[in-house]
Amino acid sequence: RASISGQTAITVILAHPVAHVRAPQAMNAHYDALGYDGVLVPLQVLPEDLATVVAGLRRLRNLRGIVVTVPHKEAIASLCDELTADARQVGAVNVIRREEDGRLTGGQFDGEGFVAGLRGAGHEVTGRAVFMAGAGGAAAGLAFALARHGARRLTIHNRTAAKAEELAARVRAAYPACDTRAGGADPSGHDIVANATSLGMHEGDALPLEVARLAPPMLAAEVIMAPEVTPFLAEAAKRGCATHGGKPMLTAQIALLARFMGAIAVPCDR
Ligand code: NDP
């Protein structure tokens, strides 16, 4: 990028592995579209080096912020000086704002991105019954955001059932108005059926839930971005359900992450 100069707002994304990350292309396109002098640079960081790298990043005076992805989202939370309420709830950080004095404030927008992506495609979550497969980092973000945005009912299904129980209890405690429970693999009776596991990224992966139970007017929604059509989405489409891929979750998040890092001159509201 020939336009990078000493004035450019530098942001970085920490990942391992790093080759597959898609946020740099999306964020740099976002900066370009706004005519904003900023750049997001991918950095490969091993888990054992995370604390050292973060200590160094604190000292970089022209660093605006840090985007965080697999496998660092949970570990980096304890390296921040402050967390937003959303990051505290979820127990994971996917973006950090570097304050002028080097203090680090961690935020979490996975779930907000998912809900905003659905809304951008005309799918409302308020008042809906949602079935979600998964209880890992992304799933936790989705669960809290779905409840926060007024989902009526949330069923969480996970291979490790104890993790689904634990996540459901945390969401229930934070948002009692949403009827949140752990459940089996049958998504019958729900309006939105979401895959928030990593199943579907690799050839030969099992399906995340009982796809034979999918039927219109259910909407099948994915967090996985590649492949664009996962086996779960393909099975849902085969049964006549509307589908929603994983890309809008990232696209919707890009503007939220940039705002949070203070990388554009628009006040952040979270
Ligand atoms: P985690 O490792 O935290 O969680 C993985 C989840 O998948 C767990 O629920 C795990 O179940 C389940 N799982 C993994 N392997 C299997 C298996 N063989 N059988 C059954 N269940 C399995 O990952 P993340 O939550 O961080 O990421 C999940 C997905 O979300 C990834 O594909 C990631 O790329 C995507 N993502 C997409 C984003 C976007 O913007 N579109 C943003 C963030 C993430 P168990 O608890 O039993 O291990």
# chains A, B, ... in the order shown; residues from 1 in each chain; ligands from 1
>>> residues_around(residues="segment 206-209 of chain A", least_positions_apart="3", cutoff="10 Å", atoms="only C-alpha atoms", output="number ranges by chain")
A: 131-134, 157-159, 184-187, 193-200, 202-203, 212-214, 230-232, 235
>>> write_last_selection(atoms="N, CA and C atoms", output="compact mmCIF listing (two decimals), in the first residue's frame")
# COMPACT_ATOMS: atom_id res chain seq x y z
N PHE A 131 -32.10 -21.83 17.77
CA PHE A 131 -31.36 -23.03 18.11
C PHE A 131 -29.92 -22.80 17.70
N MET A 132 -28.98 -23.00 18.61
CA MET A 132 -27.58 -22.78 18.26
C MET A 132 -26.74 -24.01 18.60
N ALA A 133 -25.99 -24.51 17.62
CA ALA A 133 -25.03 -25.58 17.87
C ALA A 133 -23.70 -24.92 18.20
N GLY A 134 -23.07 -25.36 19.31
CA GLY A 134 -21.77 -24.82 19.68
C GLY A 134 -21.80 -24.15 21.04
N HIS A 157 -26.97 -26.42 21.82
CA HIS A 157 -26.58 -27.83 21.71
C HIS A 157 -25.08 -27.90 21.47
N ASN A 158 -24.39 -28.76 22.20
CA ASN A 158 -22.94 -28.88 22.01
C ASN A 158 -22.49 -30.31 22.25
N ARG A 159 -21.43 -30.71 21.51
CA ARG A 159 -20.86 -32.05 21.71
C ARG A 159 -20.55 -32.27 23.18
N GLY A 184 -30.71 -31.11 23.08
CA GLY A 184 -30.19 -32.12 22.16
C GLY A 184 -29.99 -31.56 20.76
N ALA A 185 -29.82 -32.45 19.79
CA ALA A 185 -29.43 -32.03 18.44
C ALA A 185 -30.62 -31.71 17.53
N ASP A 186 -31.85 -31.87 18.03
CA ASP A 186 -33.05 -31.67 17.21
C ASP A 186 -33.50 -30.21 17.25
N PRO A 187 -33.44 -29.49 16.12
CA PRO A 187 -33.78 -28.06 16.13
C PRO A 187 -35.26 -27.76 15.91
N VAL A 193 -31.93 -21.42 13.06
CA VAL A 193 -31.05 -22.53 13.46
C VAL A 193 -29.63 -22.16 13.04
N ALA A 194 -28.75 -21.99 14.04
CA ALA A 194 -27.42 -21.46 13.73
C ALA A 194 -26.33 -22.48 14.04
N ASN A 195 -25.37 -22.58 13.15
CA ASN A 195 -24.17 -23.36 13.45
C ASN A 195 -23.08 -22.41 13.94
N ALA A 196 -22.71 -22.53 15.22
CA ALA A 196 -21.62 -21.73 15.77
C ALA A 196 -20.48 -22.64 16.22
N THR A 197 -20.42 -23.85 15.64
CA THR A 197 -19.27 -24.72 15.86
C THR A 197 -18.28 -24.51 14.70
N SER A 198 -17.15 -25.20 14.78
CA SER A 198 -16.22 -25.14 13.65
C SER A 198 -16.47 -26.28 12.68
N LEU A 199 -17.53 -27.07 12.88
CA LEU A 199 -17.85 -28.19 12.00
C LEU A 199 -18.35 -27.69 10.65
N GLY A 200 -17.65 -28.10 9.59
CA GLY A 200 -18.03 -27.65 8.24
C GLY A 200 -16.88 -26.93 7.57
N HIS A 202 -13.84 -28.23 7.40
CA HIS A 202 -12.96 -29.22 6.79
C HIS A 202 -13.75 -30.35 6.15
N GLU A 203 -13.23 -30.86 5.04
CA GLU A 203 -13.82 -32.02 4.34
C GLU A 203 -14.05 -33.14 5.35
N ALA A 212 -32.06 -33.46 9.36
CA ALA A 212 -33.33 -34.02 8.85
C ALA A 212 -34.53 -33.28 9.43
N ARG A 213 -34.32 -32.57 10.54
CA ARG A 213 -35.42 -31.83 11.19
C ARG A 213 -35.58 -30.42 10.66
N LEU A 214 -34.71 -30.02 9.74
CA LEU A 214 -34.81 -28.66 9.18
C LEU A 214 -35.96 -28.62 8.18
N THR A 230 -21.52 -24.35 3.52
CA THR A 230 -21.09 -25.50 4.32
C THR A 230 -22.08 -26.64 4.10
N PRO A 231 -21.71 -27.87 4.47
CA PRO A 231 -22.67 -28.98 4.38
C PRO A 231 -23.98 -28.68 5.14
N PHE A 232 -23.88 -28.01 6.27
CA PHE A 232 -25.09 -27.63 7.03
C PHE A 232 -26.00 -26.74 6.19
N GLU A 235 -27.53 -28.74 3.30
CA GLU A 235 -28.62 -29.61 3.75
C GLU A 235 -29.89 -28.79 4.00
>>> residues_around(residues="Lys163 of chain A", least_positions_apart="5", cutoff="12 Å", atoms="only C-alpha atoms", output="compact mmCIF listing (two decimals) with C-alpha atoms, in the first residue's frame")
# COMPACT_ATOMS: atom_id res chain seq x y z
CA ALA A 133 -25.03 -25.58 17.87
CA GLY A 134 -21.77 -24.82 19.68
CA ALA A 135 -20.57 -23.56 23.05
CA GLY A 136 -17.06 -22.32 22.20
CA GLY A 137 -15.81 -18.74 21.90
CA ALA A 139 -20.98 -19.40 20.28
CA ALA A 140 -20.67 -17.56 23.61
CA ILE A 156 -27.80 -24.46 22.97
CA HIS A 157 -26.58 -27.83 21.71
CA ASN A 158 -22.94 -28.88 22.01
CA ALA A 168 -26.94 -21.50 29.06
CA ALA A 169 -26.77 -20.82 32.82
CA ARG A 170 -24.59 -17.74 32.29
CA ARG A 181 -31.53 -23.93 27.91
CA ALA A 182 -29.09 -26.59 26.83
CA GLY A 183 -30.62 -29.21 24.55
>>> closest_residue(among="A:Leu63, A:Ala116, A:Ala164, A:Val90", to="ligand 1", atoms="only C-alpha atoms and all ligand atoms")
A:Ala164
>>> select_by_dssp(residues="segment 14-82 of chain A", states="helix (DSSP H, G or I)", output="PyMOL selection string")
chain A and resi 23-34+47-58+75-79
>>> write_last_selection(atoms="C-alpha atoms", output="PDB file, in the first residue's frame")
ATOM      1  CA  ALA A  23     -10.248  -9.343   8.386  1.00  0.00           C
ATOM      2  CA  PRO A  24      -7.253  -7.508   6.805  1.00  0.00           C
ATOM      3  CA  GLN A  25      -8.782  -7.450   3.312  1.00  0.00           C
ATOM      4  CA  ALA A  26     -12.167  -6.434   4.710  1.00  0.00           C
ATOM      5  CA  MET A  27     -10.798  -3.803   7.111  1.00  0.00           C
ATOM      6  CA  ASN A  28      -8.411  -2.259   4.590  1.00  0.00           C
ATOM      7  CA  ALA A  29     -11.243  -2.046   2.041  1.00  0.00           C
ATOM      8  CA  HIS A  30     -13.359  -0.372   4.746  1.00  0.00           C
ATOM      9  CA  TYR A  31     -10.621   2.199   5.445  1.00  0.00           C
ATOM     10  CA  ASP A  32     -10.256   2.826   1.699  1.00  0.00           C
ATOM     11  CA  ALA A  33     -13.995   3.258   1.211  1.00  0.00           C
ATOM     12  CA  LEU A  34     -14.012   5.867   3.975  1.00  0.00           C
ATOM     13  CA  PRO A  47       0.212 -18.725  22.118  1.00  0.00           C
ATOM     14  CA  GLU A  48       3.400 -18.917  24.203  1.00  0.00           C
ATOM     15  CA  ASP A  49       4.505 -15.524  22.845  1.00  0.00           C
ATOM     16  CA  LEU A  50       1.215 -13.700  23.358  1.00  0.00           C
ATOM     17  CA  ALA A  51       2.070 -11.935  26.625  1.00  0.00           C
ATOM     18  CA  THR A  52       5.447 -10.749  25.303  1.00  0.00           C
ATOM     19  CA  VAL A  53       3.905  -9.483  22.068  1.00  0.00           C
ATOM     20  CA  VAL A  54       1.110  -7.642  23.904  1.00  0.00           C
ATOM     21  CA  ALA A  55       3.653  -6.009  26.250  1.00  0.00           C
ATOM     22  CA  GLY A  56       5.519  -4.798  23.173  1.00  0.00           C
ATOM     23  CA  LEU A  57       2.372  -3.556  21.419  1.00  0.00           C
ATOM     24  CA  ARG A  58       1.563  -1.411  24.461  1.00  0.00           C
ATOM     25  CA  ALA A  75      -6.063 -15.615  26.786  1.00  0.00           C
ATOM     26  CA  ILE A  76      -5.765 -11.968  25.778  1.00  0.00           C
ATOM     27  CA  ALA A  77      -8.661 -10.907  28.008  1.00  0.00           C
ATOM     28  CA  SER A  78      -6.472 -11.223  31.114  1.00  0.00           C
ATOM     29  CA  LEU A  79      -3.743  -9.111  29.467  1.00  0.00           C
TER      30      LEU A  79
END
>>> residues_around(residues="segment 141-146 of chain A", least_positions_apart="6", cutoff="6 Å", atoms="only C-alpha atoms", output="ChimeraX atom specification")
/A:90,110-112,171
>>> residues_around(residues="segment 178-180 of chain A", least_positions_apart="3", cutoff="7 Å", atoms="only C-alpha atoms", output="PDB file with C-alpha atoms, in the first residue's frame")
ATOM      1  CA  ALA A 147     -30.406 -12.761  24.313  1.00  0.00           C
ATOM      2  CA  GLY A 150     -34.461  -9.960  22.549  1.00  0.00           C
ATOM      3  CA  ALA A 151     -34.495 -13.539  21.274  1.00  0.00           C
ATOM      4  CA  ARG A 152     -37.510 -15.146  22.983  1.00  0.00           C
ATOM      5  CA  ARG A 153     -35.942 -18.578  23.372  1.00  0.00           C
ATOM      6  CA  LEU A 154     -32.426 -19.940  22.934  1.00  0.00           C
ATOM      7  CA  THR A 155     -31.506 -23.631  22.839  1.00  0.00           C
ATOM      8  CA  ALA A 168     -26.939 -21.498  29.065  1.00  0.00           C
ATOM      9  CA  VAL A 171     -26.877 -16.332  29.590  1.00  0.00           C
ATOM     10  CA  ARG A 172     -29.989 -17.061  31.696  1.00  0.00           C
ATOM     11  CA  TYR A 175     -30.842 -12.110  30.459  1.00  0.00           C
TER      12      TYR A 175
END
>>> decode(residues="segment 20-67 of chain A", atoms="C-alpha atoms", output="compact mmCIF listing (two decimals), in the first residue's frame")
# COMPACT_ATOMS: atom_id res chain seq x y z
CA HIS A 20 -6.51 -17.81 6.46
CA VAL A 21 -7.55 -14.56 8.18
CA ARG A 22 -9.96 -12.43 6.18
CA ALA A 23 -10.25 -9.34 8.39
CA PRO A 24 -7.25 -7.51 6.80
CA GLN A 25 -8.78 -7.45 3.31
CA ALA A 26 -12.17 -6.43 4.71
CA MET A 27 -10.80 -3.80 7.11
CA ASN A 28 -8.41 -2.26 4.59
CA ALA A 29 -11.24 -2.05 2.04
CA HIS A 30 -13.36 -0.37 4.75
CA TYR A 31 -10.62 2.20 5.45
CA ASP A 32 -10.26 2.83 1.70
CA ALA A 33 -14.00 3.26 1.21
CA LEU A 34 -14.01 5.87 3.97
CA GLY A 35 -10.93 7.60 2.57
CA TYR A 36 -9.34 6.91 5.97
CA ASP A 37 -5.57 6.72 6.36
CA GLY A 38 -5.38 3.43 8.25
CA VAL A 39 -4.11 -0.11 7.76
CA LEU A 40 -4.74 -3.49 9.38
CA VAL A 41 -1.64 -5.71 9.34
CA PRO A 42 -1.79 -9.48 10.01
CA LEU A 43 0.72 -10.74 12.62
CA GLN A 44 1.32 -14.41 13.39
CA VAL A 45 1.71 -14.92 17.12
CA LEU A 46 2.19 -18.25 18.89
CA PRO A 47 0.21 -18.73 22.12
CA GLU A 48 3.40 -18.92 24.20
CA ASP A 49 4.50 -15.52 22.85
CA LEU A 50 1.21 -13.70 23.36
CA ALA A 51 2.07 -11.94 26.63
CA THR A 52 5.45 -10.75 25.30
CA VAL A 53 3.90 -9.48 22.07
CA VAL A 54 1.11 -7.64 23.90
CA ALA A 55 3.65 -6.01 26.25
CA GLY A 56 5.52 -4.80 23.17
CA LEU A 57 2.37 -3.56 21.42
CA ARG A 58 1.56 -1.41 24.46
CA ARG A 59 4.80 0.50 23.80
CA LEU A 60 4.09 1.27 20.12
CA ARG A 61 3.02 4.90 20.22
CA ASN A 62 1.35 4.94 16.80
CA LEU A 63 -0.60 1.73 17.32
CA ARG A 64 -4.34 2.41 17.40
CA GLY A 65 -5.70 -1.02 18.11
CA ILE A 66 -5.51 -4.80 17.95
CA VAL A 67 -7.95 -7.24 16.39
